Amino acid sequence: MARFNKRVAMVTGAASGIGKEIALRFAAEGGIPVIADLNLDAAQATANEIKSKHGDAFAVSMDVTDEAQVEKGVADTVAKYGKIDILVSNAGIQIVHPFVDFPYSDWKKLLAIHLDGAFLTTKACLKHMYAAKYGRVIYMGSVHSKEASKLKAPYVTAKHGLIGLAKVLAKEGAEYNVTANVVCPGFVRTPLVEKQIPEQAQQLGITEEQVIKNVMLKETVDGEFTTTDDVADAVLFFAAATNNVMTGQSLVVSHGWFMQ
Ligand code: NAD
């Protein structure tokens with residue numbers, strides 16, 4: 001039987017990049033991905049692509065920082081499928097500035113998407129998971145959940161914070177068979193990263209090639225980018241766990257950048 005046979009997996013930010021790959025991979029293994037994204041047209045396009053290849057998928061419009069939209073997306077999913085088994089809280093953005101110049105509005109915006117989004121989507125899914133006595137929650141962290149880089153004050157703060165959130169949920173969720181873990185990728189060439197390359201080159205006064213080689217991939221063991229497929233492998237690994245043995249954990253997927 002397929003590993004995720006009819007498991008309903010909400011993936012936020014799944015219209016693009018890493019989230020889209022995760023949604024595709026759940027579907028390829030028998031699951032039903034719910035594509036929850038700010039960009040409904042792109043979410044619908046992803047859902048249609050998945051349906052044409054693998055069966056079912058559902059697109060919902062959701063700004064993860066808006067409690068009412070989160071509640072509605074979760075309620076619509078439960079109305080359609082009767083449950084939510086898996087949540088991958090993945091929606092995220094990047095904004096880079098030197099600390100001393102970081103606009104407060106950008107600090108708040110970034111923290112809201114990464115942290116308020118993780119909190120609100122988890123809270124909305126949890127009541128259904130608790131009732132079903134089953135849930136797998138995976139937060140999209142980063143090597144920046146463990147490590148810092150220049151220019152990324154709110155991103156590093158938010159990604160470290162997700163580890164704390166997962167640990168609390170691991171403790172509270174255990175009696176309901178709900179696990180919580182964090183996947184921590186290195187750099188993956190998604191739109192989020194393509195945008196950063198010229199920005200960092202400008203901020204650091206170096207070429208784009210130097211940003212890739214000397215900033216993004218400098219600490220890897222082999223100078224390689226992580227791929228969306230690599231990240232999806234780790235997410236599906238946590239999502240498939242059959243008991244509480246792996247909970248409250250964080251797994252770095254980064255070609256060796258940051259070793260624990
Ligand atoms: P991406 O830009 O390709 O995709 C992000 C998606 O999130 C987009 O579809 C966007 O519409 C959606 N989104 C943004 N704000 C939203 C909101 N408020 N509500 C709902 N959806 C929203 O980015 P990606 O690289 O695939 O990043 C996905 C996650 O992976 C992020 O949390 C990011 O921090 C994390 N991550 C990325 C990398 C990398 O190198 N790309 C590395 C480590 C961690």
# chains A, B, ... in the order shown; residues from 1 in each chain; ligands from 1

call {"tool": "residues_near_ligand", "arguments": {"ligand": "ligand 1", "cutoff": "6 Å", "atoms": "only C-alpha atoms and all ligand atoms", "output": "count of residues only"}}
result
32

call {"tool": "residues_around", "arguments": {"residues": "stretch 21-23 of chain A", "least_positions_apart": "5", "cutoff": "9 Å", "atoms": "only C-alpha atoms", "output": "number ranges by chain"}}
result
A: 9-11, 14-16, 28, 31-35, 46-47, 50, 57, 88, 228-229, 231-233, 235-236

call {"tool": "select_by_dssp", "arguments": {"residues": "stretch 19-232 of chain A", "states": "helix (DSSP H, G or I)", "output": "short mmCIF file (atom, residue, chain, number, x, y, z; two decimals) with C-alpha atoms, in the first residue's frame"}}
result
data_model
loop_
_atom_site.label_atom_id
_atom_site.label_comp_id
_atom_site.auth_asym_id
_atom_site.auth_seq_id
_atom_site.Cartn_x
_atom_site.Cartn_y
_atom_site.Cartn_z
CA GLY A 19 6.29 23.33 -0.74
CA LYS A 20 5.20 22.45 -4.27
CA GLU A 21 7.69 19.58 -4.40
CA ILE A 22 6.47 18.28 -1.04
CA ALA A 23 2.86 18.38 -2.25
CA LEU A 24 3.79 16.51 -5.45
CA ARG A 25 5.66 13.87 -3.49
CA PHE A 26 2.78 13.29 -1.02
CA ALA A 27 0.46 12.78 -3.98
CA ALA A 28 2.91 10.44 -5.70
CA LEU A 40 -4.62 31.19 -5.24
CA ASP A 41 -4.05 31.09 -9.02
CA ALA A 42 -0.66 29.44 -8.55
CA ALA A 43 -2.10 27.11 -5.88
CA GLN A 44 -4.87 26.07 -8.25
CA ALA A 45 -2.34 25.49 -11.05
CA THR A 46 -0.28 23.28 -8.72
CA ALA A 47 -3.39 21.35 -7.64
CA ASN A 48 -4.39 20.84 -11.30
CA GLU A 49 -0.89 19.62 -12.17
CA ILE A 50 -1.00 17.14 -9.27
CA LYS A 51 -4.51 15.96 -10.17
CA SER A 52 -3.46 15.27 -13.76
CA LYS A 53 -0.54 13.14 -12.55
CA HIS A 54 -1.59 11.49 -9.33
CA GLU A 67 -6.46 33.84 11.58
CA ALA A 68 -9.82 33.92 9.79
CA GLN A 69 -8.30 32.76 6.49
CA VAL A 70 -6.38 29.98 8.24
CA GLU A 71 -9.52 28.80 10.07
CA LYS A 72 -11.50 28.87 6.81
CA GLY A 73 -8.87 26.93 4.83
CA VAL A 74 -8.72 24.25 7.51
CA ALA A 75 -12.54 24.13 7.85
CA ASP A 76 -12.97 23.81 4.05
CA THR A 77 -10.45 20.97 4.01
CA VAL A 78 -12.17 19.13 6.86
CA ALA A 79 -15.58 19.70 5.21
CA LYS A 80 -14.25 18.08 2.01
CA TYR A 81 -12.15 15.22 3.39
CA PHE A 99 20.71 44.88 11.32
CA VAL A 100 21.36 48.58 11.84
CA ASP A 101 19.10 49.53 8.90
CA TYR A 104 10.83 47.48 11.75
CA SER A 105 7.94 46.85 9.37
CA ASP A 106 10.01 44.21 7.52
CA TRP A 107 11.04 42.61 10.83
CA LYS A 108 7.38 42.29 11.84
CA LYS A 109 6.27 41.07 8.40
CA LEU A 110 8.85 38.29 8.31
CA LEU A 111 8.22 37.12 11.89
CA ALA A 112 4.47 37.11 11.24
CA ILE A 113 4.70 34.85 8.18
CA HIS A 114 7.14 32.38 9.71
CA LEU A 115 6.04 32.32 13.36
CA ASP A 116 2.42 33.56 13.50
CA GLY A 117 1.80 31.42 10.41
CA ALA A 118 3.21 28.31 12.06
CA PHE A 119 1.25 28.97 15.25
CA LEU A 120 -2.08 29.72 13.58
CA THR A 121 -2.01 26.83 11.10
CA THR A 122 -0.94 24.38 13.81
CA LYS A 123 -3.61 25.58 16.21
CA ALA A 124 -6.33 25.28 13.57
CA CYS A 125 -5.27 21.76 12.54
CA LEU A 126 -4.65 20.50 16.07
CA LYS A 127 -8.25 20.25 17.20
CA HIS A 128 -8.96 17.89 14.29
CA MET A 129 -5.75 15.94 14.90
CA TYR A 130 -6.49 15.58 18.62
CA ALA A 131 -10.02 14.37 17.88
CA ALA A 132 -8.63 11.78 15.45
CA VAL A 143 20.22 25.79 8.62
CA HIS A 144 19.37 29.23 9.98
CA SER A 145 17.45 27.42 12.75
CA ALA A 153 18.15 39.11 11.72
CA PRO A 154 14.42 38.25 11.60
CA TYR A 155 14.85 35.13 9.46
CA VAL A 156 17.43 33.60 11.80
CA THR A 157 15.29 34.57 14.80
CA ALA A 158 12.14 33.05 13.31
CA LYS A 159 13.83 29.84 12.18
CA HIS A 160 15.38 29.31 15.62
CA GLY A 161 11.93 29.95 17.13
CA LEU A 162 10.31 27.13 15.16
CA ILE A 163 12.46 24.61 17.01
CA GLY A 164 11.03 25.83 20.31
CA LEU A 165 7.51 25.64 18.94
CA ALA A 166 8.04 22.07 17.73
CA LYS A 167 9.39 21.02 21.14
CA VAL A 168 6.32 22.36 22.94
CA LEU A 169 3.99 20.65 20.49
CA ALA A 170 5.95 17.39 20.79
CA LYS A 171 5.23 17.42 24.55
CA GLU A 172 1.59 18.54 24.38
CA GLY A 173 0.70 16.43 21.35
CA ALA A 174 2.21 13.13 22.48
CA GLU A 175 -0.86 11.78 24.24
CA TYR A 176 -2.87 12.41 21.05
CA PRO A 191 12.44 31.78 -6.31
CA LEU A 192 13.14 32.78 -2.68
CA VAL A 193 16.86 32.17 -3.16
CA GLU A 194 17.14 33.45 -6.74
CA LYS A 195 15.88 36.80 -5.44
CA GLN A 196 18.50 36.90 -2.68
CA ILE A 197 21.54 36.38 -4.92
CA PRO A 198 21.57 39.86 -6.52
CA GLU A 199 20.35 41.46 -3.26
CA GLN A 200 23.20 39.97 -1.23
CA ALA A 201 25.71 40.81 -3.95
CA GLN A 202 24.66 44.43 -3.69
CA GLN A 203 24.56 44.51 0.12
CA LEU A 204 27.93 42.77 0.54
CA GLU A 208 26.62 37.10 -7.67
CA GLU A 209 29.03 34.22 -8.33
CA GLN A 210 30.85 35.09 -5.09
CA VAL A 211 27.56 35.12 -3.19
CA ILE A 212 26.87 31.55 -4.35
CA LYS A 213 30.40 30.24 -3.80
CA ASN A 214 31.64 32.20 -0.80
CA VAL A 215 28.43 32.91 1.10
CA MET A 216 25.70 30.37 0.30
CA THR A 228 13.63 20.44 -3.37
CA ASP A 229 13.61 16.66 -3.70
CA ASP A 230 16.16 16.29 -0.88
CA VAL A 231 13.99 18.44 1.40
CA ALA A 232 10.83 16.54 0.47
#

call {"tool": "atom_distance", "arguments": {"atom1": "atom CA of A:Ala239", "atom2": "atom CA of A:Ile95"}}
result
29.2 Å

call {"tool": "closest_residue", "arguments": {"among": "A:Thr220, A:Gly30, A:Ala59, A:Leu151", "to": "A:Val96", "atoms": "only C-alpha atoms"}}
result
A:Leu151

call {"tool": "closest_residue", "arguments": {"among": "A:Leu87, A:Val252, A:Met246, A:Ile206", "to": "A:Cys184", "atoms": "only C-alpha atoms"}}
result
A:Val252

call {"tool": "select_by_dssp", "arguments": {"residues": "stretch 21-210 of chain A", "states": "strand (DSSP E)", "output": "PyMOL selection string"}}
result
chain A and resi 32-37+58-61+86-89+135-140+178-185

call {"tool": "atom_distance", "arguments": {"atom1": "atom CA of A:Asp222", "atom2": "atom CA of A:Gln94"}}
result
24.7 Å

call {"tool": "atom_distance", "arguments": {"atom1": "atom CA of A:Glu224", "atom2": "atom CA of A:His255"}}
result
6.7 Å
